[in-house]
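Structure file input02.cif; described as mmCIF, C-alpha atoms.
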data_start
loop_
_atom_site.label_atom_id
_atom_site.label_comp_id
_atom_site.auth_asym_id
_atom_site.auth_seq_id
_atom_site.Cartn_x
_atom_site.Cartn_y
_atom_site.Cartn_z
CA MET A 1 50.65 193.98 69.90
CA SER A 2 47.26 192.35 70.42
CA ALA A 3 46.85 188.58 70.27
CA ILE A 4 45.45 187.08 67.07
CA GLN A 5 41.79 186.21 67.44
CA ASN A 6 40.63 182.85 66.04
CA PRO A 7 44.08 181.88 64.76
CA GLU A 8 42.69 178.70 63.16
CA ASN A 9 41.17 180.98 60.52
CA TYR A 10 44.68 181.63 59.25
CA LEU A 11 45.67 177.98 58.92
CA THR A 12 45.40 176.07 55.66
CA ARG A 13 42.69 173.53 54.99
CA ARG A 14 45.32 170.82 54.63
CA VAL A 15 46.47 171.36 58.22
CA LEU A 16 42.96 171.70 59.63
CA SER A 17 41.93 168.46 57.92
CA MET A 18 44.67 166.49 59.67
CA GLU A 19 44.44 164.74 63.03
CA GLU A 20 47.18 164.72 65.64
CA SER A 21 49.02 161.39 65.88
CA GLN A 22 47.26 159.53 68.70
CA THR A 23 50.29 157.33 69.32
CA MET A 24 52.49 160.36 69.88
CA ARG A 25 49.80 162.05 72.02
CA ILE A 26 49.31 159.04 74.31
CA THR A 27 53.05 158.40 74.54
CA GLY A 28 53.63 162.04 75.45
CA LEU A 29 50.93 161.95 78.13
CA ALA A 30 52.38 158.75 79.59
CA LYS A 31 55.84 160.34 79.75
CA LYS A 32 54.37 163.39 81.46
CA MET A 33 52.66 161.21 84.08
CA LYS A 34 55.90 159.31 84.66
CA ALA A 35 57.74 162.60 85.13
CA GLU A 36 55.15 163.48 87.77
CA GLY A 37 56.12 160.35 89.67
CA LYS A 38 53.27 158.09 88.61
CA ASP A 39 54.00 154.40 88.10
CA VAL A 40 52.93 154.19 84.45
CA VAL A 41 53.53 151.10 82.31
CA SER A 42 53.60 152.34 78.73
CA LEU A 43 52.53 149.95 75.98
CA SER A 44 51.92 152.80 73.54
CA ALA A 45 55.28 153.54 71.94
CA GLY A 46 56.06 152.14 68.51
CA GLU A 47 59.74 151.50 69.13
CA PRO A 48 61.84 148.59 70.40
CA ASP A 49 62.94 148.79 74.03
CA PHE A 50 66.35 147.36 73.10
CA PRO A 51 69.31 149.73 72.68
CA THR A 52 70.95 150.39 69.33
CA PRO A 53 73.62 147.67 68.80
CA ASN A 54 77.08 148.74 69.94
CA PHE A 55 78.70 148.18 66.54
CA VAL A 56 76.19 150.60 65.03
CA ASN A 57 76.88 153.21 67.73
CA GLU A 58 80.61 152.83 67.14
CA ALA A 59 80.17 153.52 63.44
CA GLY A 60 78.34 156.74 64.28
CA ILE A 61 81.07 157.78 66.73
CA ALA A 62 83.73 157.00 64.14
CA ALA A 63 81.91 159.20 61.61
CA ILE A 64 81.94 162.11 64.06
CA LYS A 65 85.62 161.64 64.84
CA ALA A 66 86.42 161.49 61.12
CA GLY A 67 84.62 164.79 60.58
CA PHE A 68 81.85 163.28 58.46
CA THR A 69 79.51 166.08 59.53
CA ARG A 70 78.84 168.01 56.33
CA TYR A 71 76.13 167.83 53.70
CA THR A 72 76.00 164.58 51.75
CA GLN A 73 74.33 163.68 48.48
CA ASN A 74 70.68 164.67 48.79
CA SER A 75 69.40 161.13 48.16
CA GLY A 76 71.95 159.38 50.39
CA ILE A 77 75.61 158.40 50.31
CA PRO A 78 76.61 155.78 47.71
CA GLU A 79 77.82 153.24 50.27
CA LEU A 80 74.47 153.31 52.08
CA LYS A 81 72.60 152.88 48.81
CA ALA A 82 74.84 149.91 48.03
CA ALA A 83 74.08 148.40 51.46
CA ILE A 84 70.35 148.91 50.86
CA GLN A 85 70.61 147.27 47.43
CA ALA A 86 72.32 144.26 49.00
CA LYS A 87 69.73 144.04 51.80
CA LEU A 88 66.76 144.20 49.41
CA SER A 89 68.31 141.52 47.20
CA ARG A 90 69.44 139.26 50.05
CA GLU A 91 66.33 139.42 52.24
CA ASN A 92 63.46 140.48 50.00
CA GLY A 93 64.40 139.16 46.56
CA LEU A 94 64.18 142.70 45.15
CA CYS A 95 66.72 144.09 42.66
CA TYR A 96 67.05 147.86 42.35
CA ASP A 97 69.72 150.12 40.85
CA ALA A 98 71.19 152.87 43.01
CA SER A 99 69.24 155.38 40.90
CA GLU A 100 66.03 153.66 42.06
CA ILE A 101 66.73 154.26 45.78
CA ILE A 102 66.48 157.36 47.96
CA VAL A 103 67.43 157.64 51.63
CA SER A 104 65.36 159.99 53.78
CA ASN A 105 64.93 161.26 57.33
CA GLY A 106 63.01 158.24 58.58
CA GLY A 107 60.31 156.04 57.12
CA LYS A 108 57.70 158.79 57.47
CA GLN A 109 59.58 161.03 55.05
CA THR A 110 59.97 158.29 52.47
CA LEU A 111 56.22 157.75 52.52
CA ILE A 112 55.20 161.40 52.40
CA ASN A 113 57.71 162.02 49.59
CA ALA A 114 56.10 159.27 47.51
CA ILE A 115 52.57 160.41 48.30
CA LEU A 116 53.34 164.05 47.50
CA ALA A 117 54.90 162.96 44.22
CA LEU A 118 51.89 160.86 43.17
CA VAL A 119 48.74 162.19 44.84
CA GLU A 120 46.87 165.43 44.34
CA GLU A 121 43.36 166.81 44.69
CA GLY A 122 40.78 164.47 43.24
CA ASP A 123 42.90 161.35 43.69
CA GLU A 124 41.80 158.50 45.93
CA VAL A 125 44.13 156.21 47.87
CA ILE A 126 42.86 152.86 49.17
CA ILE A 127 43.97 152.09 52.73
CA PRO A 128 43.01 148.84 54.50
CA ALA A 129 41.89 149.40 58.11
CA PRO A 130 43.30 148.88 60.66
CA TYR A 131 46.00 151.16 59.28
CA TRP A 132 49.02 152.99 60.61
CA VAL A 133 47.76 156.33 61.92
CA SER A 134 49.76 158.48 59.49
CA PHE A 135 48.60 156.91 56.20
CA PRO A 136 45.28 158.76 55.81
CA GLU A 137 46.71 161.99 57.19
CA MET A 138 49.53 161.96 54.64
CA VAL A 139 47.01 161.44 51.84
CA ARG A 140 44.96 164.38 53.10
CA LEU A 141 48.09 166.52 53.36
CA ALA A 142 48.71 165.87 49.66
CA GLY A 143 45.15 166.90 48.85
CA GLY A 144 43.94 163.38 48.14
CA THR A 145 41.08 161.39 49.61
CA PRO A 146 41.79 158.32 51.76
CA VAL A 147 39.38 155.45 51.06
CA THR A 148 39.44 153.06 54.00
CA VAL A 149 38.49 149.42 53.65
CA THR A 150 37.48 147.83 56.96
CA CYS A 151 39.21 144.49 57.59
CA THR A 152 38.05 142.44 60.56
CA GLY A 153 39.47 139.70 62.72
CA GLU A 154 37.59 137.16 60.55
CA THR A 155 40.03 137.86 57.70
CA GLY A 156 43.02 138.25 60.01
CA TYR A 157 42.74 142.04 59.65
CA LYS A 158 43.78 141.66 56.01
CA MET A 159 42.06 143.00 52.90
CA THR A 160 40.58 140.49 50.47
CA PRO A 161 40.76 140.79 46.67
CA GLU A 162 36.99 141.23 46.62
CA GLN A 163 37.22 144.19 49.02
CA LEU A 164 39.98 145.76 46.94
CA GLU A 165 38.00 145.36 43.71
CA ALA A 166 34.95 146.97 45.28
CA ALA A 167 36.96 149.98 46.51
CA ILE A 168 38.44 150.88 43.11
CA THR A 169 36.96 153.86 41.27
CA PRO A 170 38.11 155.89 38.24
CA ASN A 171 39.83 158.22 40.75
CA THR A 172 41.91 155.52 42.47
CA LYS A 173 45.59 156.46 42.27
CA ALA A 174 47.22 154.10 44.76
CA LEU A 175 46.90 151.38 47.36
CA ILE A 176 48.88 151.52 50.60
CA ILE A 177 49.71 148.12 52.05
CA ASN A 178 51.59 147.54 55.32
CA SER A 179 52.94 144.04 55.99
CA PRO A 180 53.84 143.15 58.70
CA SER A 181 51.15 145.49 59.94
CA ASN A 182 51.19 148.23 62.48
CA PRO A 183 48.86 147.90 64.46
CA SER A 184 47.54 144.36 63.94
CA GLY A 185 50.74 142.39 63.34
CA ALA A 186 49.13 140.76 60.28
CA VAL A 187 51.44 139.45 57.54
CA TYR A 188 50.20 138.94 53.97
CA SER A 189 51.33 135.64 52.46
CA GLU A 190 52.72 135.34 48.94
CA GLN A 191 49.39 133.93 47.76
CA GLU A 192 47.47 136.81 49.34
CA VAL A 193 49.77 139.46 47.87
CA ARG A 194 49.62 137.93 44.40
CA ALA A 195 45.81 137.84 44.58
CA LEU A 196 45.69 141.56 45.43
CA MET A 197 48.18 142.43 42.68
CA GLN A 198 46.10 140.47 40.17
CA VAL A 199 43.19 142.79 40.93
CA LEU A 200 45.37 145.85 40.23
CA GLU A 201 47.18 144.54 37.17
CA GLY A 202 46.63 146.73 34.11
CA LYS A 203 44.60 149.34 36.00
CA GLY A 204 47.32 151.99 36.36
CA ILE A 205 47.15 151.97 40.17
CA PHE A 206 50.32 152.33 42.24
CA VAL A 207 51.16 150.28 45.32
CA ILE A 208 53.02 151.88 48.25
CA SER A 209 54.32 148.97 50.31
CA ASP A 210 55.42 149.82 53.85
CA GLU A 211 57.75 146.99 54.88
CA MET A 212 59.31 148.56 57.97
CA TYR A 213 58.80 145.45 60.15
CA ASP A 214 59.94 142.87 57.59
CA ARG A 215 62.61 141.38 59.88
CA ILE A 216 60.27 140.95 62.86
CA THR A 217 58.04 137.99 61.98
CA TYR A 218 56.95 134.76 63.66
CA GLY A 219 56.66 131.88 61.26
CA ARG A 220 55.26 133.57 58.15
CA GLU A 221 57.75 135.40 55.95
CA PRO A 222 56.43 138.60 54.37
CA PHE A 223 56.21 138.79 50.58
CA SER A 224 56.80 142.11 48.87
CA PRO A 225 54.43 143.25 46.10
CA GLY A 226 57.62 144.29 44.28
CA MET A 227 58.24 140.57 43.69
CA VAL A 228 55.25 140.39 41.33
CA ASP A 229 56.88 140.90 37.92
CA SER A 230 53.82 142.35 36.21
CA MET A 231 53.54 145.07 38.91
CA ARG A 232 57.27 145.85 39.28
CA ASP A 233 56.97 149.33 37.70
CA TRP A 234 53.93 150.20 39.82
CA VAL A 235 55.28 149.26 43.27
CA ILE A 236 57.13 151.59 45.65
CA VAL A 237 58.81 149.88 48.62
CA SER A 238 59.39 151.79 51.88
CA ASN A 239 61.63 150.50 54.65
CA GLY A 240 64.23 151.68 57.15
CA VAL A 241 66.52 150.75 60.02
CA SER A 242 64.35 152.06 62.86
CA LYS A 243 62.60 148.91 64.07
CA THR A 244 65.00 146.15 63.05
CA TYR A 245 68.05 147.77 64.62
CA SER A 246 66.44 149.86 67.39
CA MET A 247 67.42 153.08 65.59
CA THR A 248 64.19 155.07 65.83
CA GLY A 249 65.97 158.26 66.85
CA TRP A 250 68.61 158.02 64.12
CA ARG A 251 65.93 158.79 61.50
CA ILE A 252 66.97 156.75 58.48
CA GLY A 253 64.39 155.39 56.04
CA TYR A 254 64.64 154.47 52.39
CA LEU A 255 62.42 154.15 49.36
CA ALA A 256 62.89 151.93 46.30
CA GLY A 257 60.89 152.28 43.10
CA PRO A 258 60.90 153.44 39.49
CA GLU A 259 63.73 155.86 38.73
CA TRP A 260 61.38 158.60 37.53
CA LEU A 261 59.51 158.53 40.84
CA ILE A 262 62.69 158.45 42.91
CA LYS A 263 63.88 161.55 41.00
CA ALA A 264 60.62 163.29 41.90
CA CYS A 265 61.07 162.33 45.58
CA ASP A 266 64.66 163.59 45.38
CA LYS A 267 63.36 166.95 44.12
CA ILE A 268 60.84 167.20 46.96
CA GLN A 269 63.45 166.27 49.55
CA SER A 270 65.95 168.78 48.15
CA GLN A 271 63.48 171.59 48.85
CA THR A 272 62.33 170.40 52.27
CA THR A 273 65.03 168.74 54.38
CA SER A 274 67.95 168.04 52.01
CA ASN A 275 70.06 164.99 52.86
CA PRO A 276 69.43 162.72 55.84
CA ASN A 277 71.79 163.01 58.81
CA SER A 278 75.35 162.25 57.68
CA ILE A 279 76.36 160.45 60.89
CA ALA A 280 73.18 158.36 60.94
CA GLN A 281 73.83 157.30 57.35
CA LYS A 282 77.23 155.86 58.34
CA ALA A 283 75.60 154.08 61.27
CA ALA A 284 72.94 152.65 58.94
CA VAL A 285 75.66 151.23 56.67
CA ALA A 286 77.09 149.41 59.69
CA ALA A 287 73.64 148.15 60.70
CA LEU A 288 72.89 146.68 57.27
CA GLN A 289 76.36 145.23 56.70
CA GLY A 290 77.20 144.09 60.25
CA ASP A 291 76.56 140.91 62.22
CA GLN A 292 72.84 140.17 61.86
CA SER A 293 72.68 137.62 64.69
CA ILE A 294 71.47 140.32 67.08
CA VAL A 295 68.40 140.80 64.89
CA GLU A 296 67.45 137.14 65.31
CA GLU A 297 68.12 137.23 69.06
CA ARG A 298 65.78 140.17 69.50
CA ARG A 299 63.15 138.66 67.21
CA LYS A 300 63.07 135.56 69.42
CA GLU A 301 62.60 137.74 72.51
CA PHE A 302 59.73 139.57 70.83
CA GLN A 303 58.16 136.20 70.03
CA LYS A 304 58.27 135.16 73.70
CA ARG A 305 56.54 138.39 74.65
CA ARG A 306 53.98 137.98 71.89
CA ASP A 307 53.12 134.47 73.08
CA TYR A 308 52.71 135.69 76.65
CA MET A 309 50.49 138.63 75.69
CA TYR A 310 48.30 136.52 73.40
CA LYS A 311 47.61 133.97 76.13
CA ALA A 312 47.27 136.46 78.99
CA LEU A 313 44.97 138.92 77.22
CA ASN A 314 42.62 136.21 76.01
CA GLU A 315 42.12 135.14 79.62
CA ILE A 316 40.63 138.56 80.50
CA PRO A 317 36.81 138.70 80.19
CA GLY A 318 35.74 141.14 77.47
CA VAL A 319 39.04 140.93 75.60
CA GLN A 320 39.70 138.91 72.45
CA ALA A 321 43.10 138.99 70.72
CA ALA A 322 44.29 137.50 67.44
CA LEU A 323 47.80 136.03 67.27
CA PRO A 324 50.13 138.56 65.58
CA GLU A 325 52.36 137.19 62.81
CA GLY A 326 54.81 140.09 62.83
CA ALA A 327 55.87 143.47 64.27
CA PHE A 328 55.66 143.94 68.08
CA TYR A 329 52.03 144.90 68.60
CA ILE A 330 48.92 143.00 69.61
CA PHE A 331 45.52 144.43 68.67
CA PRO A 332 42.85 142.98 70.95
CA SER A 333 39.17 143.66 70.53
CA VAL A 334 37.60 145.19 73.64
CA LYS A 335 34.09 144.93 72.24
CA GLY A 336 33.07 143.00 75.36
CA VAL A 337 33.89 146.05 77.50
CA LEU A 338 32.19 148.68 75.34
CA GLY A 339 28.89 149.92 76.72
CA LYS A 340 29.85 149.09 80.29
CA THR A 341 30.43 151.60 83.07
CA LEU A 342 34.00 151.58 84.38
CA GLY A 343 35.41 154.13 86.80
CA GLY A 344 32.07 155.93 86.79
CA ASN A 345 32.07 156.48 83.02
CA VAL A 346 30.44 154.60 80.15
CA MET A 347 32.98 153.07 77.77
CA ASN A 348 31.48 154.13 74.44
CA THR A 349 34.64 153.81 72.35
CA SER A 350 38.13 152.38 72.59
CA ALA A 351 39.32 155.93 73.20
CA ASP A 352 37.26 155.92 76.41
CA VAL A 353 38.83 152.59 77.38
CA ALA A 354 42.37 153.80 76.67
CA GLU A 355 41.85 156.98 78.68
CA TYR A 356 40.37 155.00 81.58
CA LEU A 357 43.30 152.55 81.60
CA LEU A 358 45.84 155.36 81.59
CA LEU A 359 44.30 157.78 84.06
CA GLU A 360 42.82 155.24 86.50
CA HIS A 361 45.17 152.25 86.18
CA ASN A 362 48.42 153.73 84.85
CA VAL A 363 48.61 151.63 81.67
CA ALA A 364 49.22 153.47 78.42
CA THR A 365 47.66 151.92 75.30
CA VAL A 366 46.53 153.43 72.01
CA PRO A 367 42.83 153.45 71.07
CA GLY A 368 41.87 151.59 67.93
CA ASP A 369 39.91 154.64 66.73
CA ALA A 370 43.27 156.08 65.65
CA PHE A 371 43.82 153.06 63.38
CA GLY A 372 40.33 152.93 61.91
CA SER A 373 39.18 150.13 64.26
CA PRO A 374 37.12 151.68 67.08
CA GLU A 375 36.56 148.38 68.93
CA ASN A 376 40.27 147.62 69.47
CA LEU A 377 43.30 148.73 71.46
CA ARG A 378 46.89 148.61 70.26
CA LEU A 379 49.35 147.32 72.84
CA SER A 380 53.07 147.32 72.13
CA TYR A 381 54.96 144.40 73.65
CA ALA A 382 58.27 146.23 73.19
CA ALA A 383 58.65 146.09 76.97
CA SER A 384 60.10 143.61 79.43
CA ILE A 385 58.11 140.54 80.45
CA ASP A 386 57.92 141.94 83.99
CA GLU A 387 56.37 145.17 82.71
CA LEU A 388 53.96 143.24 80.50
CA LYS A 389 52.83 141.12 83.46
CA ILE A 390 52.15 144.25 85.52
CA ALA A 391 50.22 145.82 82.64
CA VAL A 392 48.09 142.72 82.06
CA GLU A 393 47.23 142.45 85.75
CA ARG A 394 46.21 146.10 85.83
CA ILE A 395 44.02 145.63 82.75
CA ARG A 396 42.44 142.56 84.34
CA ASN A 397 41.64 144.56 87.49
CA ALA A 398 40.36 147.51 85.45
CA PHE A 399 37.89 145.35 83.53
CA SER A 400 36.74 143.35 86.52
#
If you took the structure in this file and wrote it as structure tokens, what would it be?
Amino acid sequence: MSAIQNPENYLTRRVLSMEESQTMRITGLAKKMKAEGKDVVSLSAGEPDFPTPNFVNEAGIAAIKAGFTRYTQNSGIPELKAAIQAKLSRENGLCYDASEIIVSNGGKQTLINAILALVEEGDEVIIPAPYWVSFPEMVRLAGGTPVTVTCTGETGYKMTPEQLEAAITPNTKALIINSPSNPSGAVYSEQEVRALMQVLEGKGIFVISDEMYDRITYGREPFSPGMVDSMRDWVIVSNGVSKTYSMTGWRIGYLAGPEWLIKACDKIQSQTTSNPNSIAQKAAVAALQGDQSIVEERRKEFQKRRDYMYKALNEIPGVQAALPEGAFYIFPSVKGVLGKTLGGNVMNTSADVAEYLLLEHNVATVPGDAFGSPENLRLSYAASIDELKIAVERIRNAFS
């Protein structure tokens, strides 16, 4: 049988309109180079370098031994929903019934479920930039139009009420907000969140709040839009166990919001993946209900790394970094390097800089182009201090 000619002609517009995840692409290339024996320091992956806590692993093993390996309720087992309810109340001040919560196969699925339930062709979704790489692609997949609002270092990479007001049109369906932020580490204060919600109040615009990094902060506590009483019915909160408990591979995320929307997400999930992994659900119960001291220990270690990276990067000519308030990323501007010739090539964009650092100096970063900020790089400090020191020295040499 002959090969299909021009196979892209057979793909849907929704797929062709999407971009590949740059974080996954760079991480994959770095792993390939490591496998080839190259001494690569990877600061590209969006996952903690700590192992899953032992008590969480033990809960998963116990679930296997007990034969808890069959289908569960599509939206998650009752005991996990109860643990999520307790967590949201205890740590975020949010009160939801079990019927207002759905557990999914990771935070990505919770978000795409909500977007598919709300957004269709003709709808616009406001997304502050820098943004997590998947936000605009998910909106496009649903047939909607992402409307990006550029936020600069002058505002702490956070959207102002004036910017939000200016971005709203009759077609605006939702706002996606991510605090603490991937990639910038910015955290919106209570005052800042309330100011944004005041702009949206009474306009019939939904808020999808990605709060995946809510336990990894440094001085400023995040404030959920769900805490604003007047917007309670318009806010959808997404979270999970991936970052807080080093459970990225377990794939457990959860969504909390109005019951009618959760039912719609349940319907979508029932026809796509069905229930999340049964064993991982038991492990997630243990994570949320177990000893939380390990979370604080790891947060303190992340803070040490953050402080080192902030100081070290700002000492490199051409690099300017803001101090992250949360998550485990730093998002320095490399504007001072752009336009220069390094390694025989002109650095026109941050993608050029990231490629140069990886191929010529064995440091994997993610270009800011992927996050809507073409003058920046995202560096993950989910690596040991020794690795971070090596990476910084290589970047210093590369830019000198």
Go through segment 285-359 of chain A residue by residue and, counting all atoms listed in the file, keep those with an atom at most 12 Å from segment 123-132 of chain A; for each kept residue give the shortest atom pair and its distance in Å to one decimal, ordered by chain and increasing number, as CSV.
residue,atom,partner,partner_atom,distance
A:Tyr329,CA,A:Trp132,CA,11.8
A:Phe331,CA,A:Pro130,CA,9.4
A:Pro332,CA,A:Pro130,CA,11.9
A:Ser333,CA,A:Pro130,CA,11.9
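Counting all atoms listed in the file and comparing A:Asp49, A:Ser230, A:Gln109, A:Ala280, the residue that lies closest to Ile385 of chain A is A:Asp49.
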Would you list the residues near (47.4, 146.9, 71.3), meaning any protein, DNA or RNA residue with an atom at most 9 Å from that point in file coordinates, counting all atoms listed in the file, as an MDAnalysis selection string?
chainID A and resid 43:44 183:184 329:333 365:368 376:381
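The space separating atom CA of Ile205 of chain A from atom CA of Gly240 of chain A comes to 24.1 Å.
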Could you spell out the hits of the PyMOL selection byres ((chain A and resi 192-203) around 8) on the shown file, as a PyMOL selection string?
chain A and resi 160-161+164-165+188-191+204-205+223-225+228+230-231
Taking (64.8, 161.3, 41.5) in the file's own coordinates, collect the residues within 12 Å, counting only C-alpha atoms, and hand them back as number ranges by chain.
A: 74-76, 98-103, 113-114, 117, 255-270
Taking 3 positions as the minimum chain separation for residues in the same chain, which residues sit within 8 Å of Pro48 of chain A when counting all atoms listed in the file? Answer as a PyMOL selection string.
chain A and resi 51+243+246+382-383
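The set of residues that the PyMOL selection byres ((chain A and resi 289) around 12) takes from this file is Phe55, Val56, Ala59, Glu79, Leu80, Lys81, Ala82, Ala83, Ile84, Gln85, Ala86, Lys87, Arg90, Val241, Tyr245, Lys282, Ala283, Ala284, Val285, Ala286, Ala287, Leu288, Gly290, Asp291, Gln292 and Ser293 of chain A.
Nearest to Ala45 of chain A of all the residues A:Gly326, A:Gly185, A:Gly122, A:Gly28 is A:Gly28, based on all atoms listed in the file.
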What do you get, as a PyMOL selection string, if you spell out every residue that the PyMOL selection byres ((chain A and resi 335) around 8) selects here?
chain A and resi 318-319+333-334+336-338+375-376
Test item: residues at most 10 Å from Leu357 of chain A, all atoms listed in the file, excluding those fewer than 4 positions along its chain, as JSON, numbers by chain
{"A": [342, 343, 351, 352, 353, 361, 362, 363, 364, 365, 391, 394, 395, 398, 399]}
Provide the atom CA of Ala354 of chain A to atom CA of Met247 of chain A distance in Å, to one decimal place.
27.4 Å
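Atom CA of Glu325 of chain A is found 5.3 Å from atom CA of Tyr218 of chain A.
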Residue neighbourhood Ser17 of chain A, 9 Å, only C-alpha atoms, exclusion window fewer than 5 positions, as JSON, numbers by chain
{"A": [12, 137, 140, 141]}
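Remark: for Glu360 of chain A, the closest of the candidate residues A:Lys38, A:Arg298, A:Lys65, A:Arg70 is A:Lys38 (distances computed over all atoms listed in the file).
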